[in-house]
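Novice: What follows is work-v1.cif, made up of mmCIF, C-alpha atoms:
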```
data_my_file
loop_
_atom_site.label_atom_id
_atom_site.label_comp_id
_atom_site.auth_asym_id
_atom_site.auth_seq_id
_atom_site.Cartn_x
_atom_site.Cartn_y
_atom_site.Cartn_z
CA MET A 20 -4.56 -0.12 -9.56
CA PRO A 21 -8.32 0.37 -9.15
CA ARG A 22 -9.35 3.87 -8.09
CA GLY A 23 -10.07 4.33 -4.42
CA LEU A 24 -8.34 1.14 -3.35
CA ILE A 25 -6.16 1.31 -0.27
CA TYR A 26 -3.99 -1.72 0.43
CA MET A 27 -1.31 -1.95 3.07
CA GLY A 28 0.83 -5.05 3.05
CA ALA A 29 3.77 -5.89 5.22
CA SER A 30 6.16 -8.78 4.74
CA ALA A 31 4.17 -11.57 3.02
CA GLY A 32 1.32 -9.12 2.44
CA SER A 33 3.65 -7.07 0.25
CA TYR A 34 4.22 -10.01 -2.07
CA LEU A 35 0.47 -10.28 -2.67
CA THR A 36 0.39 -6.91 -4.45
CA CYS A 37 2.73 -8.23 -7.16
CA PRO A 38 1.85 -10.19 -10.32
CA THR A 39 3.31 -13.31 -8.64
CA ILE A 40 4.74 -14.28 -5.26
CA GLU A 41 7.78 -15.96 -6.85
CA THR A 42 10.31 -13.82 -4.95
CA SER A 43 8.90 -15.08 -1.64
CA THR A 44 10.62 -18.41 -2.35
CA TRP A 45 14.07 -17.01 -3.11
CA LYS A 46 15.59 -17.07 0.39
CA ARG A 47 14.95 -20.71 1.11
CA GLU A 48 13.13 -23.62 -0.34
CA HIS A 49 9.70 -24.05 1.19
CA ASN A 50 7.48 -27.08 1.13
CA ARG A 51 4.99 -25.89 -1.47
CA TYR A 52 2.50 -28.68 -0.74
CA GLY A 53 2.00 -29.18 -4.47
CA VAL A 54 1.22 -25.53 -5.22
CA THR A 55 2.50 -24.56 -8.67
CA ASN A 56 0.49 -21.39 -9.36
CA PHE A 57 2.12 -18.39 -7.70
CA THR A 58 -0.23 -15.79 -9.20
CA ALA A 59 -0.93 -12.84 -6.89
CA LEU A 60 -3.22 -9.77 -7.00
CA ASN A 61 -1.26 -7.96 -9.75
CA LEU A 62 -1.86 -4.51 -8.25
CA VAL A 63 1.63 -3.34 -9.24
CA PRO A 64 3.68 -4.17 -12.37
CA PHE A 65 6.76 -5.37 -10.47
CA LEU A 66 7.90 -7.97 -7.95
CA LEU A 67 9.14 -7.22 -4.44
CA PHE A 68 12.02 -8.72 -2.52
CA VAL A 69 11.43 -7.75 1.12
CA HIS A 70 13.58 -8.02 4.27
CA TYR A 71 16.70 -7.43 2.15
CA ARG A 72 20.02 -7.50 4.00
CA PRO A 73 23.56 -7.31 2.56
CA GLU A 74 23.99 -11.07 2.92
CA HIS A 75 21.22 -11.49 0.29
CA GLN A 76 23.21 -9.59 -2.34
CA GLU A 77 24.53 -12.57 -4.33
CA LEU A 78 21.25 -14.47 -4.09
CA VAL A 79 19.23 -11.51 -5.39
CA ARG A 80 21.82 -10.72 -8.07
CA GLU A 81 21.43 -14.22 -9.52
CA ARG A 82 17.67 -14.67 -9.09
CA ILE A 83 16.74 -11.24 -10.48
CA LYS A 84 18.14 -12.28 -13.87
CA HIS A 85 15.39 -14.89 -14.19
CA ALA A 86 12.48 -13.00 -12.61
CA SER A 87 9.27 -12.73 -14.59
CA HIS A 88 8.96 -8.97 -13.91
CA PRO A 89 11.19 -6.10 -12.73
CA VAL A 90 12.10 -6.41 -9.04
CA LYS A 91 12.06 -3.70 -6.37
CA ILE A 92 14.11 -4.45 -3.26
CA LEU A 93 13.10 -3.31 0.22
CA THR A 94 14.91 -3.42 3.55
CA ASP A 95 13.01 -3.61 6.82
CA GLU A 96 13.31 0.18 7.08
CA GLN A 97 11.56 0.88 3.77
CA ALA A 98 8.15 0.87 2.16
CA LEU A 99 6.65 1.85 -1.17
CA LEU A 100 3.79 4.28 -1.64
CA VAL A 101 2.02 3.57 -4.93
CA GLU A 102 -0.48 6.10 -6.24
CA GLY A 103 -1.59 5.36 -9.78
CA ASN A 104 1.61 5.09 -11.83
CA ASP A 105 3.70 6.93 -9.22
CA VAL A 106 5.89 4.82 -6.92
CA ALA A 107 7.73 6.51 -4.05
CA LEU A 108 10.29 4.90 -1.77
CA ILE A 109 9.74 5.72 1.89
CA GLY A 110 12.37 5.09 4.53
CA THR A 111 15.79 5.95 5.83
CA ASP A 112 17.90 3.27 4.11
CA PRO A 113 19.38 4.04 0.69
CA GLU A 114 17.56 2.50 -2.27
CA VAL A 115 18.82 -0.94 -3.28
CA VAL A 116 18.74 -1.26 -7.07
CA GLY A 117 18.92 -4.75 -8.53
CA GLU A 118 20.96 -3.73 -11.55
CA ASN A 119 23.66 -2.34 -9.23
CA LEU A 120 24.05 -5.38 -6.97
#
```
Would you put the structure from the file into structure tokens?
Specialist:
Amino acid sequence: MPRGLIYMGASAGSYLTCPTIETSTWKREHNRYGVTNFTALNLVPFLLFVHYRPEHQELVRERIKHASHPVKILTDEQALLVEGNDVALIGTDPEVVGENL
């Protein structure tokens, strides 16, 4: 991440920090209006799956196998603080780890 950059993204804004926004399409099929390039800002070296709830477990378990980058999963009670190469989970919910789903 460039030095001195502060970016705060919530919900869809979180996806923009990733290399791609591919995980934003996992929950339901959207009309993509012909868009085929899902490239994002690439500020972090992982993808995010936000608004995770237990009913998403099977969906995420299957989709994560085919993701283009590692995936970090966040509930509505969580956030990530990224400073350089350090990534800290903030929130009260326990961490959801894709490999353990």
Novice: Please provide the set of residues having any atom within 10 Å of stretch 70-75 of chain A, restricted to all atoms listed in the file, with same-chain residues fewer than 4 positions apart removed, written as a list of chain:residue names.
Specialist: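 The residues satisfying every condition are A:Ser30, A:Trp45, A:Lys46, A:Val79, A:Arg80, A:Ile92, A:Leu93, A:Thr94, A:Asp95, A:Glu96, A:Gln97, A:Val115, A:Leu120.
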Novice: To one decimal in Å, tell me the separation between atom CA of A:Leu60 and atom CA of A:Thr39.
Specialist: 7.6 Å
Novice: Applying the PyMOL selection byres ((chain A and resi 100) around 12) to the file I just gave you, which residues come out? Please list them as a list in words.
Specialist: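 What the PyMOL selection byres ((chain A and resi 100) around 12) grabs from the file is Ile25, Tyr26, Met27, Gly28, Ser33, Val63, Gln97, Ala98, Leu99, Val101, Glu102, Gly103, Asn104, Asp105, Val106, Ala107, Leu108, Ile109 and Gly110 of chain A.
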Novice: What does the distance between atom CA of A:Cys37 and atom CA of A:Asn61 come to in Å, to one decimal place?
Specialist: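 Calculated distance between atom CA of A:Cys37 and atom CA of A:Asn61 is 4.8 Å.
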Novice: Which value, in Å to one decimal, gives the distance between atom CA of A:Asp112 and atom CA of A:Gly23?
Specialist: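 A separation of 29.3 Å between them.
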Novice: Could you spell out the hits of the PyMOL selection byres ((chain A and resi 68) around 6) on the shown file, as a PyMOL selection string?
Specialist: chain A and resi 42+67+69+92
Novice: Of the residues A:Pro64, A:Ala29, A:Lys91, A:Val54, which is the one nearest to A:Val116, using all atoms listed in the file?
Specialist: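 Result for the nearest residue to A:Val116: A:Lys91.
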Novice: Hey, which of A:Thr36, A:Ala86, A:Gly53, A:Thr44 ends up closest to A:Leu24? Count only C-alpha atoms.
Specialist: A:Thr36
Novice: My list of candidates is A:Gly32, A:Pro38, A:Phe57, A:Leu66. Which is closest to A:Ile83 when distances are computed with only C-alpha atoms?
Specialist: A:Leu66
Novice: Starting from the PyMOL selection byres ((chain A and resi 89) around 6), expand the selection into actual residues of this file and give them as number ranges by chain.
Specialist: A: 65, 88, 90
Novice: Once N, CA and C atoms are restored for stretch 98-111 of chain A, what would the output be as an mmCIF file, in the coordinates of the input?
Specialist:
```cif
data_model
loop_
_atom_site.group_PDB
_atom_site.id
_atom_site.type_symbol
_atom_site.label_atom_id
_atom_site.label_comp_id
_atom_site.auth_asym_id
_atom_site.auth_seq_id
_atom_site.Cartn_x
_atom_site.Cartn_y
_atom_site.Cartn_z
ATOM 1 N N ALA A 98 9.469 1.212 2.678
ATOM 2 C CA ALA A 98 8.150 0.870 2.160
ATOM 3 C C ALA A 98 7.984 1.569 0.820
ATOM 4 N N LEU A 99 6.990 1.167 0.081
ATOM 5 C CA LEU A 99 6.650 1.850 -1.170
ATOM 6 C C LEU A 99 5.254 2.429 -1.032
ATOM 7 N N LEU A 100 5.098 3.650 -1.530
ATOM 8 C CA LEU A 100 3.790 4.280 -1.640
ATOM 9 C C LEU A 100 3.476 4.319 -3.125
ATOM 10 N N VAL A 101 2.416 3.640 -3.522
ATOM 11 C CA VAL A 101 2.020 3.570 -4.930
ATOM 12 C C VAL A 101 0.706 4.311 -5.083
ATOM 13 N N GLU A 102 0.730 5.334 -5.923
ATOM 14 C CA GLU A 102 -0.480 6.100 -6.240
ATOM 15 C C GLU A 102 -0.571 6.191 -7.746
ATOM 16 N N GLY A 103 -1.486 5.416 -8.324
ATOM 17 C CA GLY A 103 -1.590 5.360 -9.780
ATOM 18 C C GLY A 103 -0.302 4.781 -10.346
ATOM 19 N N ASN A 104 0.341 5.530 -11.238
ATOM 20 C CA ASN A 104 1.610 5.090 -11.830
ATOM 21 C C ASN A 104 2.824 5.601 -11.064
ATOM 22 N N ASP A 105 2.603 6.364 -10.008
ATOM 23 C CA ASP A 105 3.700 6.930 -9.220
ATOM 24 C C ASP A 105 4.075 5.973 -8.088
ATOM 25 N N VAL A 106 5.377 5.698 -7.972
ATOM 26 C CA VAL A 106 5.890 4.820 -6.920
ATOM 27 C C VAL A 106 6.964 5.596 -6.164
ATOM 28 N N ALA A 107 6.771 5.766 -4.872
ATOM 29 C CA ALA A 107 7.730 6.510 -4.050
ATOM 30 C C ALA A 107 8.299 5.598 -2.973
ATOM 31 N N LEU A 108 9.605 5.633 -2.831
ATOM 32 C CA LEU A 108 10.290 4.900 -1.770
ATOM 33 C C LEU A 108 10.229 5.715 -0.495
ATOM 34 N N ILE A 109 9.827 5.073 0.590
ATOM 35 C CA ILE A 109 9.740 5.720 1.890
ATOM 36 C C ILE A 109 10.681 4.983 2.827
ATOM 37 N N GLY A 110 11.497 5.718 3.554
ATOM 38 C CA GLY A 110 12.370 5.090 4.530
ATOM 39 C C GLY A 110 13.710 5.780 4.610
ATOM 40 N N THR A 111 14.505 5.313 5.566
ATOM 41 C CA THR A 111 15.790 5.950 5.830
ATOM 42 C C THR A 111 16.956 5.258 5.139
#
```
